[in-house]
Amino acid sequence: MSAPTFIFFASAAVATIAAVWAVSARDGMRSLAGLAVALAALIVPLVQLRAPLVAAVLLSSTVVSVLLLGGLARVRQHAEAGERSRVYVVLATLAVLGFAWVLLATGSRQVVESGTPLTPGNVFGDGSALVLELAETHLVASLLVGLLALCCVIAAVLSLVAEGAKAQE
Amino acid sequence: MLPVTHYLYLSLVLFGIGLAGAVLRRSLVAALIGVQLMLAAVALCFCAYARMFVDAAGQIAALWVVLVGLCELGVIVAVALRSARAEEH
């Protein structure tokens, strides 16, 4: 087994275990720790796929997400949703099992492809090349999404600060 | 490069775990964590296909997914806090 293969499988195992931990832990803070580890472990496959800019944005987004959800978990520490009906639980479980079945059925028919080998000097995945393409062909969309993201994060942080101050009073 | 199916399987597994968390857990925080995992899995899938076809558009789509997911999280956190405050009064 080559080093990149071993590194990929190690990071995939860490990401999977941490993701299971994140969605199954009863304590909100432990769930958040699992989420942070799972998303941090995803950086390895992203870098292997030559997407360092996406990895950096995902890491920054993870930090903000963990902070926001941490604030929410602290404010809503004892606020849990009510009991779910049996019909909902049965339907949701069937949906998840159906997804697993589709995953296995399609996965068993996948053709293993390695993709086109990159020639030396190819700028694919370079942060500067990606930003250049963004600026050339997706300028309006980039500005719009960036502005929306900024507004949403500012609004959420202000809400958290305000609610935290009220909770302490 | 590893076969692209490795990355697709990883993204599908993460998406499934996130889906299970989003629909089966009662806690709002756990459900939001599930949604975040699903979005990260979709971004990984886009990047895998971008590398396969050597097309940067897939990476740009992955960037959109991550950023829009962050917006969605911010809005949900604000709404949840407001609704919690309204329930108290």
# chains A, B, ... in the order shown; residues from 1 in each chain; ligands from 1
>>> residues_around(residues="stretch 62-79 of chain B", least_positions_apart="6", cutoff="6 Å", atoms="only C-alpha atoms", output="VMD selection string")
(chain A and resid 54 149 152 to 153 156 159) or (chain B and resid 43 46)
>>> write_last_selection(atoms="N, CA and C atoms", output="compact mmCIF listing (two decimals), in the first residue's frame")
# COMPACT_ATOMS: atom_id res chain seq x y z
N VAL A 54 -10.63 24.86 -1.59
CA VAL A 54 -11.87 24.34 -1.01
C VAL A 54 -11.60 23.83 0.41
N ALA A 149 -23.06 35.44 2.71
CA ALA A 149 -22.40 34.69 3.78
C ALA A 149 -21.95 35.63 4.89
N CYS A 152 -25.01 36.83 6.87
CA CYS A 152 -25.58 35.76 7.70
C CYS A 152 -24.72 35.53 8.94
N VAL A 153 -23.42 35.48 8.75
CA VAL A 153 -22.54 35.22 9.89
C VAL A 153 -22.60 36.37 10.88
N ALA A 156 -25.92 36.16 12.71
CA ALA A 156 -25.96 35.05 13.68
C ALA A 156 -25.11 35.36 14.89
N SER A 159 -26.90 37.88 17.04
CA SER A 159 -28.00 37.22 17.76
C SER A 159 -27.47 36.45 18.95
N ALA B 43 -19.65 18.55 -1.17
CA ALA B 43 -18.48 19.30 -1.64
C ALA B 43 -17.35 18.35 -2.05
N PHE B 46 -18.17 16.85 -5.43
CA PHE B 46 -17.90 17.81 -6.52
C PHE B 46 -16.40 17.84 -6.82
>>> residues_around(residues="stretch 18-32 of chain B", least_positions_apart="5", cutoff="7 Å", atoms="only C-alpha atoms", output="VMD selection string")
(chain A and resid 23 28 31 69 73 80 to 81 89 92 96) or (chain B and resid 37 to 38)
>>> select_by_dssp(residues="chain A", states="alpha helix (DSSP H)", output="PyMOL selection string")
chain A and resi 3-24+28-41+43-48+52-75+86-107+127-137+139-168
>>> closest_residue(among="A:Gly115, A:Gly34, A:Gly70, A:Pro4", to="chain B", atoms="only C-alpha atoms")
A:Gly115
>>> closest_residue(among="A:Gly107, A:Leu72, A:Gly98, A:Leu143", to="B:Ser83", atoms="only C-alpha atoms")
A:Leu72
>>> closest_residue(among="B:Glu87, B:Phe15, B:Gly34, B:Gly58", to="chain A", atoms="only C-alpha atoms")
B:Gly34
>>> closest_residue(among="B:Ala41, B:Val35, B:Leu2, B:Val54", to="A:Thr16", atoms="only C-alpha atoms")
B:Ala41
>>> atom_distance(atom1="atom CA of A:Ala3", atom2="atom CA of B:Tyr49")
22.4 Å
>>> atom_distance(atom1="atom CA of A:Ser60", atom2="atom CA of A:Asn122")
26.8 Å
>>> closest_residue(among="A:Leu148, A:Leu49, A:Leu103, A:Val57", to="B:Phe53", atoms="only C-alpha atoms")
A:Leu49
>>> closest_residue(among="A:Ala41, A:Met1, A:Leu67, A:Val145", to="chain B", atoms="only C-alpha atoms")
A:Val145
>>> residues_around(residues="B:Asp55", least_positions_apart="3", cutoff="12 Å", atoms="only C-alpha atoms", output="list in words")
Leu49, Arg50, Ala51, Gly115, Thr116, Leu118, Asn122, Val123, Phe124, Gly125, Asp126, Ala129, Leu130 and Glu133 of chain A; Phe46, Cys47, Ala48, Tyr49, Ala50, Arg51, Met52, Gly58, Gln59, Ile60 and Ala61 of chain B
>>> atom_distance(atom1="atom CA of A:Thr62", atom2="atom CA of A:His138")
24.1 Å
>>> decode(residues="stretch 1-83 of chain B", atoms="C-alpha atoms", output="PDB file, in the first residue's frame")
ATOM      1  CA  MET B   1      -4.034   9.528  -8.065  1.00  0.00           C
ATOM      2  CA  LEU B   2      -6.326   7.138  -6.210  1.00  0.00           C
ATOM      3  CA  PRO B   3      -9.419   5.895  -8.069  1.00  0.00           C
ATOM      4  CA  VAL B   4     -12.169   8.477  -7.900  1.00  0.00           C
ATOM      5  CA  THR B   5     -14.549   5.849  -6.514  1.00  0.00           C
ATOM      6  CA  HIS B   6     -12.624   5.932  -3.204  1.00  0.00           C
ATOM      7  CA  TYR B   7     -13.605   9.571  -2.748  1.00  0.00           C
ATOM      8  CA  LEU B   8     -17.165   8.941  -3.918  1.00  0.00           C
ATOM      9  CA  TYR B   9     -17.608   6.101  -1.411  1.00  0.00           C
ATOM     10  CA  LEU B  10     -16.282   8.304   1.385  1.00  0.00           C
ATOM     11  CA  SER B  11     -18.644  11.124   0.433  1.00  0.00           C
ATOM     12  CA  LEU B  12     -21.602   8.723   0.204  1.00  0.00           C
ATOM     13  CA  VAL B  13     -20.839   7.251   3.630  1.00  0.00           C
ATOM     14  CA  LEU B  14     -20.558  10.722   5.168  1.00  0.00           C
ATOM     15  CA  PHE B  15     -23.751  11.809   3.435  1.00  0.00           C
ATOM     16  CA  GLY B  16     -25.567   8.748   4.805  1.00  0.00           C
ATOM     17  CA  ILE B  17     -24.310   9.395   8.343  1.00  0.00           C
ATOM     18  CA  GLY B  18     -25.377  13.043   8.059  1.00  0.00           C
ATOM     19  CA  LEU B  19     -28.783  12.049   6.685  1.00  0.00           C
ATOM     20  CA  ALA B  20     -29.319   9.624   9.549  1.00  0.00           C
ATOM     21  CA  GLY B  21     -28.372  12.313  12.062  1.00  0.00           C
ATOM     22  CA  ALA B  22     -30.582  14.925  10.406  1.00  0.00           C
ATOM     23  CA  VAL B  23     -33.745  12.815  10.286  1.00  0.00           C
ATOM     24  CA  LEU B  24     -33.404  10.549  13.306  1.00  0.00           C
ATOM     25  CA  ARG B  25     -32.020  12.781  16.072  1.00  0.00           C
ATOM     26  CA  ARG B  26     -34.397  14.959  18.086  1.00  0.00           C
ATOM     27  CA  SER B  27     -31.800  17.543  19.110  1.00  0.00           C
ATOM     28  CA  LEU B  28     -31.635  20.609  16.874  1.00  0.00           C
ATOM     29  CA  VAL B  29     -27.855  20.817  17.232  1.00  0.00           C
ATOM     30  CA  ALA B  30     -27.429  17.165  16.206  1.00  0.00           C
ATOM     31  CA  ALA B  31     -29.726  17.666  13.210  1.00  0.00           C
ATOM     32  CA  LEU B  32     -27.733  20.728  12.107  1.00  0.00           C
ATOM     33  CA  ILE B  33     -24.499  18.767  12.507  1.00  0.00           C
ATOM     34  CA  GLY B  34     -26.011  16.125  10.222  1.00  0.00           C
ATOM     35  CA  VAL B  35     -26.819  18.767   7.615  1.00  0.00           C
ATOM     36  CA  GLN B  36     -23.264  20.142   7.800  1.00  0.00           C
ATOM     37  CA  LEU B  37     -21.869  16.646   7.244  1.00  0.00           C
ATOM     38  CA  MET B  38     -24.131  16.188   4.222  1.00  0.00           C
ATOM     39  CA  LEU B  39     -22.960  19.478   2.717  1.00  0.00           C
ATOM     40  CA  ALA B  40     -19.303  18.593   3.282  1.00  0.00           C
ATOM     41  CA  ALA B  41     -19.907  15.231   1.613  1.00  0.00           C
ATOM     42  CA  VAL B  42     -21.466  16.942  -1.410  1.00  0.00           C
ATOM     43  CA  ALA B  43     -18.479  19.303  -1.640  1.00  0.00           C
ATOM     44  CA  LEU B  44     -16.107  16.308  -1.580  1.00  0.00           C
ATOM     45  CA  CYS B  45     -18.133  14.661  -4.350  1.00  0.00           C
ATOM     46  CA  PHE B  46     -17.897  17.807  -6.517  1.00  0.00           C
ATOM     47  CA  CYS B  47     -14.129  17.965  -5.968  1.00  0.00           C
ATOM     48  CA  ALA B  48     -13.738  14.284  -6.896  1.00  0.00           C
ATOM     49  CA  TYR B  49     -15.540  14.797 -10.198  1.00  0.00           C
ATOM     50  CA  ALA B  50     -13.653  18.053 -10.800  1.00  0.00           C
ATOM     51  CA  ARG B  51     -10.366  16.158 -10.507  1.00  0.00           C
ATOM     52  CA  MET B  52     -11.668  13.322 -12.672  1.00  0.00           C
ATOM     53  CA  PHE B  53     -12.632  15.618 -15.546  1.00  0.00           C
ATOM     54  CA  VAL B  54      -9.877  18.186 -14.773  1.00  0.00           C
ATOM     55  CA  ASP B  55     -12.494  20.932 -14.660  1.00  0.00           C
ATOM     56  CA  ALA B  56     -12.289  23.700 -12.068  1.00  0.00           C
ATOM     57  CA  ALA B  57     -16.054  24.288 -12.252  1.00  0.00           C
ATOM     58  CA  GLY B  58     -16.550  21.403  -9.836  1.00  0.00           C
ATOM     59  CA  GLN B  59     -14.335  23.072  -7.251  1.00  0.00           C
ATOM     60  CA  ILE B  60     -16.247  26.329  -7.709  1.00  0.00           C
ATOM     61  CA  ALA B  61     -19.497  24.442  -7.112  1.00  0.00           C
ATOM     62  CA  ALA B  62     -17.970  22.949  -3.965  1.00  0.00           C
ATOM     63  CA  LEU B  63     -17.087  26.448  -2.764  1.00  0.00           C
ATOM     64  CA  TRP B  64     -20.710  27.548  -3.330  1.00  0.00           C
ATOM     65  CA  VAL B  65     -21.996  24.554  -1.395  1.00  0.00           C
ATOM     66  CA  VAL B  66     -19.773  25.283   1.609  1.00  0.00           C
ATOM     67  CA  LEU B  67     -20.553  29.011   1.658  1.00  0.00           C
ATOM     68  CA  VAL B  68     -24.304  28.604   1.159  1.00  0.00           C
ATOM     69  CA  GLY B  69     -24.262  25.971   3.916  1.00  0.00           C
ATOM     70  CA  LEU B  70     -22.664  28.534   6.193  1.00  0.00           C
ATOM     71  CA  CYS B  71     -25.413  31.053   5.315  1.00  0.00           C
ATOM     72  CA  GLU B  72     -28.085  28.445   6.013  1.00  0.00           C
ATOM     73  CA  LEU B  73     -26.526  27.652   9.375  1.00  0.00           C
ATOM     74  CA  GLY B  74     -26.394  31.330  10.343  1.00  0.00           C
ATOM     75  CA  VAL B  75     -30.055  31.847   9.485  1.00  0.00           C
ATOM     76  CA  ILE B  76     -31.155  28.696  11.334  1.00  0.00           C
ATOM     77  CA  VAL B  77     -29.181  29.628  14.445  1.00  0.00           C
ATOM     78  CA  ALA B  78     -30.738  33.103  14.470  1.00  0.00           C
ATOM     79  CA  VAL B  79     -34.263  31.716  13.941  1.00  0.00           C
ATOM     80  CA  ALA B  80     -33.791  29.051  16.627  1.00  0.00           C
ATOM     81  CA  LEU B  81     -32.583  31.633  19.133  1.00  0.00           C
ATOM     82  CA  ARG B  82     -35.488  33.948  18.384  1.00  0.00           C
ATOM     83  CA  SER B  83     -37.997  31.122  18.684  1.00  0.00           C
TER      84      SER B  83
END
